[in-house]
>>> print(open('my_file-v9.cif').read())   # mmCIF, C-alpha atoms
data_target
#
loop_
_atom_site.group_PDB
_atom_site.id
_atom_site.type_symbol
_atom_site.label_atom_id
_atom_site.label_comp_id
_atom_site.auth_asym_id
_atom_site.auth_seq_id
_atom_site.Cartn_x
_atom_site.Cartn_y
_atom_site.Cartn_z
ATOM 1 C CA MET A 1 -12.794 -35.218 -3.584
ATOM 2 C CA ALA A 2 -13.105 -32.009 -1.548
ATOM 3 C CA ARG A 3 -10.339 -31.172 0.865
ATOM 4 C CA PRO A 4 -11.488 -31.619 4.477
ATOM 5 C CA ARG A 5 -11.696 -28.503 6.637
ATOM 6 C CA GLY A 6 -8.338 -28.735 8.283
ATOM 7 C CA PHE A 7 -6.902 -25.504 6.943
ATOM 8 C CA ASP A 8 -5.792 -22.389 8.800
ATOM 9 C CA GLU A 9 -8.744 -20.027 8.415
ATOM 10 C CA ARG A 10 -6.625 -16.934 9.054
ATOM 11 C CA GLU A 11 -4.207 -17.883 6.277
ATOM 12 C CA VAL A 12 -7.089 -18.497 3.875
ATOM 13 C CA LEU A 13 -8.696 -15.150 4.711
ATOM 14 C CA GLU A 14 -5.333 -13.410 4.342
ATOM 15 C CA ALA A 15 -4.895 -14.901 0.867
ATOM 16 C CA ALA A 16 -8.491 -14.185 -0.142
ATOM 17 C CA SER A 17 -8.405 -10.582 1.097
ATOM 18 C CA ALA A 18 -5.146 -9.967 -0.775
ATOM 19 C CA THR A 19 -6.735 -11.249 -3.980
ATOM 20 C CA PHE A 20 -9.961 -9.281 -3.583
ATOM 21 C CA TRP A 21 -8.005 -6.161 -2.599
ATOM 22 C CA LEU A 22 -5.862 -6.376 -5.711
ATOM 23 C CA LYS A 23 -8.523 -7.266 -8.272
ATOM 24 C CA GLY A 24 -11.806 -6.114 -6.720
ATOM 25 C CA TYR A 25 -14.883 -8.172 -5.970
ATOM 26 C CA GLU A 26 -16.369 -8.429 -9.453
ATOM 27 C CA ALA A 27 -13.086 -9.109 -11.255
ATOM 28 C CA THR A 28 -11.977 -11.838 -8.838
ATOM 29 C CA SER A 29 -12.933 -15.268 -10.149
ATOM 30 C CA THR A 30 -13.381 -18.509 -8.265
ATOM 31 C CA ARG A 31 -10.278 -19.730 -10.074
ATOM 32 C CA ASP A 32 -8.324 -16.783 -8.631
ATOM 33 C CA LEU A 33 -9.494 -17.671 -5.125
ATOM 34 C CA VAL A 34 -8.691 -21.354 -5.537
ATOM 35 C CA LYS A 35 -5.206 -20.446 -6.740
ATOM 36 C CA SER A 36 -4.477 -17.926 -3.972
ATOM 37 C CA THR A 37 -5.886 -19.943 -1.069
ATOM 38 C CA GLY A 38 -4.796 -23.411 -2.169
ATOM 39 C CA LEU A 39 -8.272 -24.771 -1.455
ATOM 40 C CA THR A 40 -10.712 -26.368 -3.857
ATOM 41 C CA GLN A 41 -13.906 -24.562 -4.807
ATOM 42 C CA PRO A 42 -16.082 -26.993 -2.778
ATOM 43 C CA SER A 43 -13.893 -26.470 0.282
ATOM 44 C CA LEU A 44 -14.094 -22.692 -0.036
ATOM 45 C CA TYR A 45 -17.844 -22.642 -0.452
ATOM 46 C CA ASN A 46 -18.445 -25.245 2.242
ATOM 47 C CA ALA A 47 -16.490 -23.063 4.662
ATOM 48 C CA PHE A 48 -17.682 -19.601 3.603
ATOM 49 C CA GLY A 49 -20.943 -20.165 1.741
ATOM 50 C CA ASP A 50 -20.239 -18.497 -1.594
ATOM 51 C CA LYS A 51 -18.070 -15.818 -3.182
ATOM 52 C CA ARG A 52 -19.994 -13.016 -1.468
ATOM 53 C CA GLY A 53 -19.717 -14.744 1.897
ATOM 54 C CA LEU A 54 -15.986 -15.194 1.452
ATOM 55 C CA TYR A 55 -15.623 -11.564 0.415
ATOM 56 C CA LEU A 56 -17.410 -10.323 3.510
ATOM 57 C CA ARG A 57 -15.210 -12.483 5.740
ATOM 58 C CA ALA A 58 -12.114 -11.336 3.847
ATOM 59 C CA LEU A 59 -13.149 -7.694 4.262
ATOM 60 C CA GLU A 60 -13.628 -8.237 8.000
ATOM 61 C CA HIS A 61 -10.142 -9.752 8.163
ATOM 62 C CA TYR A 62 -8.697 -6.796 6.252
ATOM 63 C CA LEU A 63 -10.398 -4.312 8.581
ATOM 64 C CA ASP A 64 -9.182 -6.122 11.695
ATOM 65 C CA CYS A 65 -5.591 -6.111 10.431
ATOM 66 C CA THR A 66 -5.514 -2.594 8.996
ATOM 67 C CA LEU A 67 -8.108 0.081 9.758
ATOM 68 C CA ARG A 68 -9.258 -1.139 13.176
ATOM 69 C CA GLU A 69 -5.710 -1.912 14.244
ATOM 70 C CA ARG A 70 -4.539 1.539 13.193
ATOM 71 C CA ILE A 71 -7.324 3.375 14.984
ATOM 72 C CA THR A 72 -6.715 1.439 18.196
ATOM 73 C CA ARG A 73 -2.955 1.967 17.961
ATOM 74 C CA PHE A 74 -3.102 5.715 17.363
ATOM 75 C CA GLU A 75 -5.726 6.359 20.028
ATOM 76 C CA SER A 76 -3.838 4.338 22.622
ATOM 77 C CA THR A 77 -0.329 5.637 21.948
ATOM 78 C CA MET A 78 -0.667 9.300 20.924
ATOM 79 C CA PRO A 79 -2.337 12.479 22.185
ATOM 80 C CA PRO A 80 -5.615 13.084 20.293
ATOM 81 C CA ALA A 81 -4.427 15.791 17.890
ATOM 82 C CA GLN A 82 -1.234 13.910 17.063
ATOM 83 C CA ALA A 83 -3.259 10.727 16.537
ATOM 84 C CA ILE A 84 -5.136 12.353 13.661
ATOM 85 C CA THR A 85 -1.931 13.593 12.048
ATOM 86 C CA GLY A 86 -0.334 10.186 12.533
ATOM 87 C CA PHE A 87 -3.277 8.520 10.846
ATOM 88 C CA PHE A 88 -2.919 10.776 7.801
ATOM 89 C CA ASP A 89 0.844 10.345 7.714
ATOM 90 C CA GLU A 90 0.541 6.560 7.732
ATOM 91 C CA THR A 91 -2.172 6.716 5.078
ATOM 92 C CA ILE A 92 0.220 8.601 2.812
ATOM 93 C CA GLU A 93 3.048 6.159 3.480
ATOM 94 C CA ARG A 94 0.836 3.154 2.765
ATOM 95 C CA SER A 95 -0.354 4.745 -0.456
ATOM 96 C CA VAL A 96 3.013 5.701 -1.912
ATOM 97 C CA SER A 97 4.750 2.465 -0.889
ATOM 98 C CA ASP A 98 2.201 0.140 -2.523
ATOM 99 C CA PRO A 99 3.521 -0.901 -5.956
ATOM 100 C CA HIS A 100 0.114 -2.322 -6.896
ATOM 101 C CA LYS A 101 -1.776 0.928 -6.191
ATOM 102 C CA ARG A 102 -4.530 -0.956 -4.369
ATOM 103 C CA GLY A 103 -5.760 1.953 -2.276
ATOM 104 C CA CYS A 104 -8.015 0.885 0.606
ATOM 105 C CA MET A 105 -10.088 -2.302 0.344
ATOM 106 C CA LEU A 106 -12.935 -0.669 2.275
ATOM 107 C CA VAL A 107 -13.046 2.366 -0.008
ATOM 108 C CA ASN A 108 -12.742 0.097 -3.047
ATOM 109 C CA SER A 109 -15.712 -1.861 -1.725
ATOM 110 C CA ALA A 110 -17.734 1.332 -1.414
ATOM 111 C CA LEU A 111 -17.056 2.085 -5.080
ATOM 112 C CA GLU A 112 -18.161 -1.406 -6.132
ATOM 113 C CA ILE A 113 -21.365 -1.681 -4.113
ATOM 114 C CA SER A 114 -24.455 -2.599 -6.083
ATOM 115 C CA SER A 115 -27.454 -0.371 -5.455
ATOM 116 C CA GLU A 116 -29.442 -3.559 -4.832
ATOM 117 C CA ASP A 117 -27.158 -4.923 -2.101
ATOM 118 C CA GLU A 118 -28.515 -2.993 0.862
ATOM 119 C CA ALA A 119 -26.940 -5.260 3.496
ATOM 120 C CA PHE A 120 -23.470 -4.792 2.000
ATOM 121 C CA ARG A 121 -24.069 -1.060 1.671
ATOM 122 C CA LYS A 122 -24.908 -0.789 5.371
ATOM 123 C CA LEU A 123 -21.810 -2.779 6.346
ATOM 124 C CA VAL A 124 -19.486 -0.529 4.353
ATOM 125 C CA ALA A 125 -21.258 2.626 5.546
ATOM 126 C CA THR A 126 -20.905 1.520 9.162
ATOM 127 C CA GLU A 127 -17.189 0.869 8.785
ATOM 128 C CA ILE A 128 -16.557 4.170 7.018
ATOM 129 C CA ASP A 129 -18.409 5.930 9.806
ATOM 130 C CA GLU A 130 -15.954 4.343 12.249
ATOM 131 C CA ILE A 131 -13.241 6.474 10.649
ATOM 132 C CA ARG A 132 -15.337 9.599 11.165
ATOM 133 C CA GLU A 133 -16.011 8.583 14.764
ATOM 134 C CA PHE A 134 -12.270 8.153 15.347
ATOM 135 C CA PHE A 135 -11.663 11.674 14.071
ATOM 136 C CA TYR A 136 -14.592 12.984 16.130
ATOM 137 C CA ARG A 137 -13.357 11.440 19.391
ATOM 138 C CA CYS A 138 -9.875 12.821 18.841
ATOM 139 C CA LEU A 139 -11.157 16.281 17.923
ATOM 140 C CA VAL A 140 -13.433 16.494 20.947
ATOM 141 C CA ALA A 141 -10.578 15.485 23.238
ATOM 142 C CA ALA A 142 -8.133 17.883 21.563
ATOM 143 C CA GLN A 143 -10.574 20.789 21.825
ATOM 144 C CA LYS A 144 -11.345 19.974 25.448
ATOM 145 C CA SER A 145 -7.658 19.979 26.354
ATOM 146 C CA GLY A 146 -7.043 23.222 24.494
ATOM 147 C CA ALA A 147 -4.704 21.595 21.973
ATOM 148 C CA ILE A 148 -6.806 22.962 19.111
ATOM 149 C CA ALA A 149 -9.352 25.769 18.850
ATOM 150 C CA THR A 150 -13.116 25.282 18.933
ATOM 151 C CA THR A 151 -13.853 27.556 15.989
ATOM 152 C CA VAL A 152 -15.173 24.579 13.989
ATOM 153 C CA SER A 153 -17.483 22.001 15.540
ATOM 154 C CA ALA A 154 -15.898 18.602 16.110
ATOM 155 C CA ALA A 155 -18.679 16.951 14.096
ATOM 156 C CA ASP A 156 -18.132 19.171 11.052
ATOM 157 C CA ALA A 157 -14.357 18.853 11.317
ATOM 158 C CA ALA A 158 -14.586 15.063 11.538
ATOM 159 C CA THR A 159 -16.717 14.960 8.391
ATOM 160 C CA HIS A 160 -14.206 17.169 6.586
ATOM 161 C CA LEU A 161 -11.320 14.906 7.607
ATOM 162 C CA LEU A 162 -13.262 11.818 6.517
ATOM 163 C CA ALA A 163 -13.948 13.291 3.086
ATOM 164 C CA THR A 164 -10.270 14.185 2.769
ATOM 165 C CA VAL A 165 -8.940 10.751 3.659
ATOM 166 C CA LEU A 166 -11.469 8.981 1.420
ATOM 167 C CA GLY A 167 -10.443 11.203 -1.482
ATOM 168 C CA MET A 168 -6.800 10.463 -0.789
ATOM 169 C CA ARG A 169 -7.453 6.721 -0.895
ATOM 170 C CA VAL A 170 -9.195 7.038 -4.247
ATOM 171 C CA ILE A 171 -6.246 9.021 -5.597
ATOM 172 C CA ALA A 172 -3.965 6.294 -4.255
ATOM 173 C CA ARG A 173 -5.488 3.870 -6.761
ATOM 174 C CA ILE A 174 -4.736 6.130 -9.702
ATOM 175 C CA ASP A 175 -1.522 8.083 -9.184
ATOM 176 C CA PRO A 176 -0.319 8.090 -5.568
ATOM 177 C CA GLN A 177 2.184 10.950 -5.655
ATOM 178 C CA ARG A 178 3.466 11.964 -2.247
ATOM 179 C CA THR A 179 3.250 15.685 -3.058
ATOM 180 C CA VAL A 180 -0.428 15.458 -4.021
ATOM 181 C CA LEU A 181 -1.449 13.360 -1.032
ATOM 182 C CA THR A 182 0.618 15.459 1.365
ATOM 183 C CA SER A 183 -0.919 18.660 0.044
ATOM 184 C CA ALA A 184 -4.447 17.330 0.537
ATOM 185 C CA ALA A 185 -3.739 16.188 4.090
ATOM 186 C CA ALA A 186 -1.697 19.236 5.091
ATOM 187 C CA THR A 187 -4.410 21.645 3.966
ATOM 188 C CA ALA A 188 -7.066 19.841 6.015
ATOM 189 C CA LEU A 189 -4.823 19.691 9.072
ATOM 190 C CA THR A 190 -3.889 23.367 8.811
ATOM 191 C CA LEU A 191 -7.494 24.513 8.464
ATOM 192 C CA LEU A 192 -8.350 22.728 11.712
ATOM 193 C CA GLY A 193 -5.228 23.788 13.616
ATOM 194 C CA LEU A 194 -3.929 20.224 13.874
ATOM 195 C CA PRO A 195 -0.226 19.271 14.014
ATOM 196 C CA GLN A 196 1.501 19.211 10.659
ATOM 197 C CA LEU A 197 2.831 16.113 8.929
ATOM 198 C CA PRO A 198 6.471 15.225 9.577
ATOM 199 C CA ALA A 199 8.871 16.439 6.924
ATOM 200 C CA LYS A 200 9.735 13.858 4.279
ATOM 201 C CA HIS A 201 12.258 13.876 1.474
ATOM 202 C CA GLY A 202 11.627 12.928 -2.103
ATOM 203 C CA ASP A 203 8.495 12.191 -4.046
ATOM 204 C CA ALA A 204 6.965 8.779 -4.697
#
>>> encode(input="my_file-v9.cif", output="structure tokens")
Amino acid sequence: MARPRGFDEREVLEAASATFWLKGYEATSTRDLVKSTGLTQPSLYNAFGDKRGLYLRALEHYLDCTLRERITRFESTMPPAQAITGFFDETIERSVSDPHKRGCMLVNSALEISSEDEAFRKLVATEIDEIREFFYRCLVAAQKSGAIATTVSAADAATHLLATVLGMRVIARIDPQRTVLTSAAATALTLLGLPQLPAKHGDA
């Protein structure tokens, strides 16, 4: 008999997103989801439709708790130029401190997208563009205030920073060494006249 819908949806999405983030969409089985969420397969599918539906909801949960939260926090608590550097610094820390080398669930999703799943492709593309827009807003504000030079257009600089951070998150899934990630970020920041990363000791 299926378990009635009396569960905490946030807890279920947290468990599901953790499983998908670790194993990826294709490699995650229904059995994995049943085990991690504590719900039966009928309960999961009654609540979320199917595996794809649950994945999309889990990805939304992940984005709310990570990427969107970070962007809001940095923009609301730091000057624009420092917000960009802070974002990169936290990206490095998240990468080197993750023993499972999961990288970013959004970037992982981009790498797994089927060429036939246009709706999913648009969702991921929209979210990735939010990162570029965050960089763009900060760069425009920093240039306007005189904190950084206007030698490079904010649009081009934002695209460069996006490509850098996406590359760093891919590296984070393979061999997240602090020196490698720091070098990638520091070079991009220096080229654009942005504040440097805080000094750290040791290598992860």
>>> atom_distance(input="my_file-v9.cif", atom1="atom CA of Thr187 of chain A", atom2="atom CA of Asn108 of chain A")
24.1 Å
>>> atom_distance(input="my_file-v9.cif", atom1="atom CA of Thr182 of chain A", atom2="atom CA of Leu194 of chain A")
14.1 Å
>>> atom_distance(input="my_file-v9.cif", atom1="atom CA of Pro99 of chain A", atom2="atom CA of Thr179 of chain A")
16.8 Å
>>> resolve_selection(input="my_file-v9.cif", expression="the PyMOL selection byres ((chain A and resi 89-96) around 7)", output="number ranges by chain")
A: 85-88, 97-98, 103, 172, 176-178, 181, 197, 204
>>> residues_around(input="my_file-v9.cif", residues="Thr159 of chain A", least_positions_apart="5", cutoff="9 Å", atoms="all atoms listed in the file", output="ChimeraX atom specification")
/A:132,135-136,154,164
>>> closest_residue(input="my_file-v9.cif", among="A:Asp32, A:Phe134, A:Leu22, A:Ala142", to="Thr72 of chain A", atoms="all atoms listed in the file")
A:Phe134
>>> residues_around(input="my_file-v9.cif", residues="Thr28 of chain A", least_positions_apart="4", cutoff="10 Å", atoms="all atoms listed in the file", output="list of chain:residue names")
A:Ala16, A:Thr19, A:Phe20, A:Trp21, A:Leu22, A:Lys23, A:Gly24, A:Asp32, A:Leu33, A:Lys51, A:Tyr55
>>> resolve_selection(input="my_file-v9.cif", expression="the PyMOL selection byres ((chain A and resi 157) around 12)", output="CSV table (one decimal) with C-alpha atoms, in the coordinates of the input")
chain,number,residue,atom,x,y,z
A,84,ILE,CA,-5.1,12.4,13.7
A,132,ARG,CA,-15.3,9.6,11.2
A,133,GLU,CA,-16.0,8.6,14.8
A,134,PHE,CA,-12.3,8.2,15.3
A,135,PHE,CA,-11.7,11.7,14.1
A,136,TYR,CA,-14.6,13.0,16.1
A,137,ARG,CA,-13.4,11.4,19.4
A,138,CYS,CA,-9.9,12.8,18.8
A,139,LEU,CA,-11.2,16.3,17.9
A,140,VAL,CA,-13.4,16.5,20.9
A,143,GLN,CA,-10.6,20.8,21.8
A,148,ILE,CA,-6.8,23.0,19.1
A,149,ALA,CA,-9.4,25.8,18.8
A,150,THR,CA,-13.1,25.3,18.9
A,151,THR,CA,-13.9,27.6,16.0
A,152,VAL,CA,-15.2,24.6,14.0
A,153,SER,CA,-17.5,22.0,15.5
A,154,ALA,CA,-15.9,18.6,16.1
A,155,ALA,CA,-18.7,17.0,14.1
A,156,ASP,CA,-18.1,19.2,11.1
A,158,ALA,CA,-14.6,15.1,11.5
A,159,THR,CA,-16.7,15.0,8.4
A,160,HIS,CA,-14.2,17.2,6.6
A,161,LEU,CA,-11.3,14.9,7.6
A,162,LEU,CA,-13.3,11.8,6.5
A,163,ALA,CA,-13.9,13.3,3.1
A,164,THR,CA,-10.3,14.2,2.8
A,188,ALA,CA,-7.1,19.8,6.0
A,189,LEU,CA,-4.8,19.7,9.1
A,190,THR,CA,-3.9,23.4,8.8
A,191,LEU,CA,-7.5,24.5,8.5
A,192,LEU,CA,-8.4,22.7,11.7
A,193,GLY,CA,-5.2,23.8,13.6
A,194,LEU,CA,-3.9,20.2,13.9
>>> residues_around(input="my_file-v9.cif", residues="Ser17 of chain A", least_positions_apart="3", cutoff="10 Å", atoms="all atoms listed in the file", output="PyMOL selection string")
chain A and resi 11-14+20-25+33+36-37+54-63+105
>>> closest_residue(input="my_file-v9.cif", among="A:Ala199, A:Met168, A:Ala27, A:Ile174", to="Lys101 of chain A", atoms="all atoms listed in the file")
A:Ile174
>>> residues_near_point(input="my_file-v9.cif", point="(-1.9, 15.1, 23.2)", cutoff="10 Å", atoms="all atoms listed in the file", output="PyMOL selection string")
chain A and resi 77-83+138+141-142+145-147
>>> closest_residue(input="my_file-v9.cif", among="A:Arg70, A:Ala119, A:Arg173, A:Glu9", to="Ser43 of chain A", atoms="only C-alpha atoms")
A:Glu9
>>> closest_residue(input="my_file-v9.cif", among="A:Val107, A:Ala185, A:Leu123, A:Val180", to="Leu166 of chain A", atoms="all atoms listed in the file")
A:Val107
>>> closest_residue(input="my_file-v9.cif", among="A:Arg31, A:Cys104, A:Asp8, A:Ser115", to="Val165 of chain A", atoms="all atoms listed in the file")
A:Cys104
>>> axis_aligned_box(input="my_file-v9.cif", around="segment 57-71 of chain A", padding_each_side="5 Å", output="lines of an AutoDock Vina configuration file")
center_x = -9.9
center_y = -4.6
center_z = 9.4
size_x = 20.7
size_y = 25.9
size_z = 21.1
>>> decode(input="my_file-v9.cif", residues="segment 45-70 of chain A", atoms="N, CA and C atoms", output="PDB file, in the first residue's frame")
ATOM      1  N   TYR A  45       6.230   8.983  -7.300  1.00  0.00           N
ATOM      2  CA  TYR A  45       5.695   9.313  -8.620  1.00  0.00           C
ATOM      3  C   TYR A  45       4.329   9.973  -8.541  1.00  0.00           C
ATOM      4  N   ASN A  46       3.560   9.635  -7.513  1.00  0.00           N
ATOM      5  CA  ASN A  46       2.279  10.325  -7.316  1.00  0.00           C
ATOM      6  C   ASN A  46       2.508  11.800  -6.993  1.00  0.00           C
ATOM      7  N   ALA A  47       3.584  12.061  -6.248  1.00  0.00           N
ATOM      8  CA  ALA A  47       3.871  13.435  -5.821  1.00  0.00           C
ATOM      9  C   ALA A  47       4.601  14.247  -6.891  1.00  0.00           C
ATOM     10  N   PHE A  48       5.489  13.594  -7.649  1.00  0.00           N
ATOM     11  CA  PHE A  48       6.355  14.340  -8.568  1.00  0.00           C
ATOM     12  C   PHE A  48       6.214  13.928 -10.039  1.00  0.00           C
ATOM     13  N   GLY A  49       5.357  12.988 -10.316  1.00  0.00           N
ATOM     14  CA  GLY A  49       5.104  12.588 -11.697  1.00  0.00           C
ATOM     15  C   GLY A  49       5.934  11.419 -12.173  1.00  0.00           C
ATOM     16  N   ASP A  50       7.229  11.596 -12.279  1.00  0.00           N
ATOM     17  CA  ASP A  50       8.135  10.544 -12.714  1.00  0.00           C
ATOM     18  C   ASP A  50       9.555  10.950 -12.318  1.00  0.00           C
ATOM     19  N   LYS A  51      10.529  10.165 -12.741  1.00  0.00           N
ATOM     20  CA  LYS A  51      11.914  10.454 -12.374  1.00  0.00           C
ATOM     21  C   LYS A  51      12.346  11.826 -12.896  1.00  0.00           C
ATOM     22  N   ARG A  52      11.975  12.149 -14.129  1.00  0.00           N
ATOM     23  CA  ARG A  52      12.355  13.436 -14.700  1.00  0.00           C
ATOM     24  C   ARG A  52      11.712  14.574 -13.923  1.00  0.00           C
ATOM     25  N   GLY A  53      10.444  14.407 -13.565  1.00  0.00           N
ATOM     26  CA  GLY A  53       9.752  15.435 -12.800  1.00  0.00           C
ATOM     27  C   GLY A  53      10.393  15.652 -11.447  1.00  0.00           C
ATOM     28  N   LEU A  54      10.786  14.557 -10.802  1.00  0.00           N
ATOM     29  CA  LEU A  54      11.448  14.666  -9.504  1.00  0.00           C
ATOM     30  C   LEU A  54      12.804  15.333  -9.660  1.00  0.00           C
ATOM     31  N   TYR A  55      13.511  15.008 -10.745  1.00  0.00           N
ATOM     32  CA  TYR A  55      14.818  15.611 -10.964  1.00  0.00           C
ATOM     33  C   TYR A  55      14.714  17.125 -11.143  1.00  0.00           C
ATOM     34  N   LEU A  56      13.732  17.552 -11.911  1.00  0.00           N
ATOM     35  CA  LEU A  56      13.558  18.978 -12.141  1.00  0.00           C
ATOM     36  C   LEU A  56      13.232  19.710 -10.840  1.00  0.00           C
ATOM     37  N   ARG A  57      12.386  19.098 -10.008  1.00  0.00           N
ATOM     38  CA  ARG A  57      12.061  19.701  -8.718  1.00  0.00           C
ATOM     39  C   ARG A  57      13.286  19.697  -7.803  1.00  0.00           C
ATOM     40  N   ALA A  58      14.061  18.626  -7.859  1.00  0.00           N
ATOM     41  CA  ALA A  58      15.269  18.530  -7.037  1.00  0.00           C
ATOM     42  C   ALA A  58      16.300  19.561  -7.478  1.00  0.00           C
ATOM     43  N   LEU A  59      16.403  19.785  -8.785  1.00  0.00           N
ATOM     44  CA  LEU A  59      17.339  20.786  -9.302  1.00  0.00           C
ATOM     45  C   LEU A  59      16.913  22.181  -8.860  1.00  0.00           C
ATOM     46  N   GLU A  60      15.614  22.457  -8.908  1.00  0.00           N
ATOM     47  CA  GLU A  60      15.101  23.741  -8.435  1.00  0.00           C
ATOM     48  C   GLU A  60      15.446  23.940  -6.962  1.00  0.00           C
ATOM     49  N   HIS A  61      15.287  22.890  -6.175  1.00  0.00           N
ATOM     50  CA  HIS A  61      15.610  22.963  -4.745  1.00  0.00           C
ATOM     51  C   HIS A  61      17.096  23.256  -4.556  1.00  0.00           C
ATOM     52  N   TYR A  62      17.928  22.553  -5.313  1.00  0.00           N
ATOM     53  CA  TYR A  62      19.378  22.768  -5.240  1.00  0.00           C
ATOM     54  C   TYR A  62      19.724  24.217  -5.571  1.00  0.00           C
ATOM     55  N   LEU A  63      19.135  24.741  -6.641  1.00  0.00           N
ATOM     56  CA  LEU A  63      19.427  26.107  -7.067  1.00  0.00           C
ATOM     57  C   LEU A  63      18.985  27.126  -6.025  1.00  0.00           C
ATOM     58  N   ASP A  64      17.821  26.898  -5.431  1.00  0.00           N
ATOM     59  CA  ASP A  64      17.334  27.809  -4.389  1.00  0.00           C
ATOM     60  C   ASP A  64      18.285  27.851  -3.200  1.00  0.00           C
ATOM     61  N   CYS A  65      18.826  26.682  -2.844  1.00  0.00           N
ATOM     62  CA  CYS A  65      19.658  26.578  -1.636  1.00  0.00           C
ATOM     63  C   CYS A  65      21.129  26.895  -1.881  1.00  0.00           C
ATOM     64  N   THR A  66      21.552  26.909  -3.123  1.00  0.00           N
ATOM     65  CA  THR A  66      22.970  27.135  -3.411  1.00  0.00           C
ATOM     66  C   THR A  66      23.182  28.361  -4.299  1.00  0.00           C
ATOM     67  N   LEU A  67      23.048  28.193  -5.592  1.00  0.00           N
ATOM     68  CA  LEU A  67      23.388  29.262  -6.536  1.00  0.00           C
ATOM     69  C   LEU A  67      22.587  30.536  -6.298  1.00  0.00           C
ATOM     70  N   ARG A  68      21.268  30.428  -6.240  1.00  0.00           N
ATOM     71  CA  ARG A  68      20.441  31.625  -6.066  1.00  0.00           C
ATOM     72  C   ARG A  68      20.691  32.272  -4.720  1.00  0.00           C
ATOM     73  N   GLU A  69      20.874  31.462  -3.703  1.00  0.00           N
ATOM     74  CA  GLU A  69      21.158  32.000  -2.369  1.00  0.00           C
ATOM     75  C   GLU A  69      22.479  32.737  -2.372  1.00  0.00           C
ATOM     76  N   ARG A  70      23.478  32.191  -3.032  1.00  0.00           N
ATOM     77  CA  ARG A  70      24.799  32.806  -3.058  1.00  0.00           C
ATOM     78  C   ARG A  70      24.775  34.136  -3.800  1.00  0.00           C
TER      79      ARG A  70
END
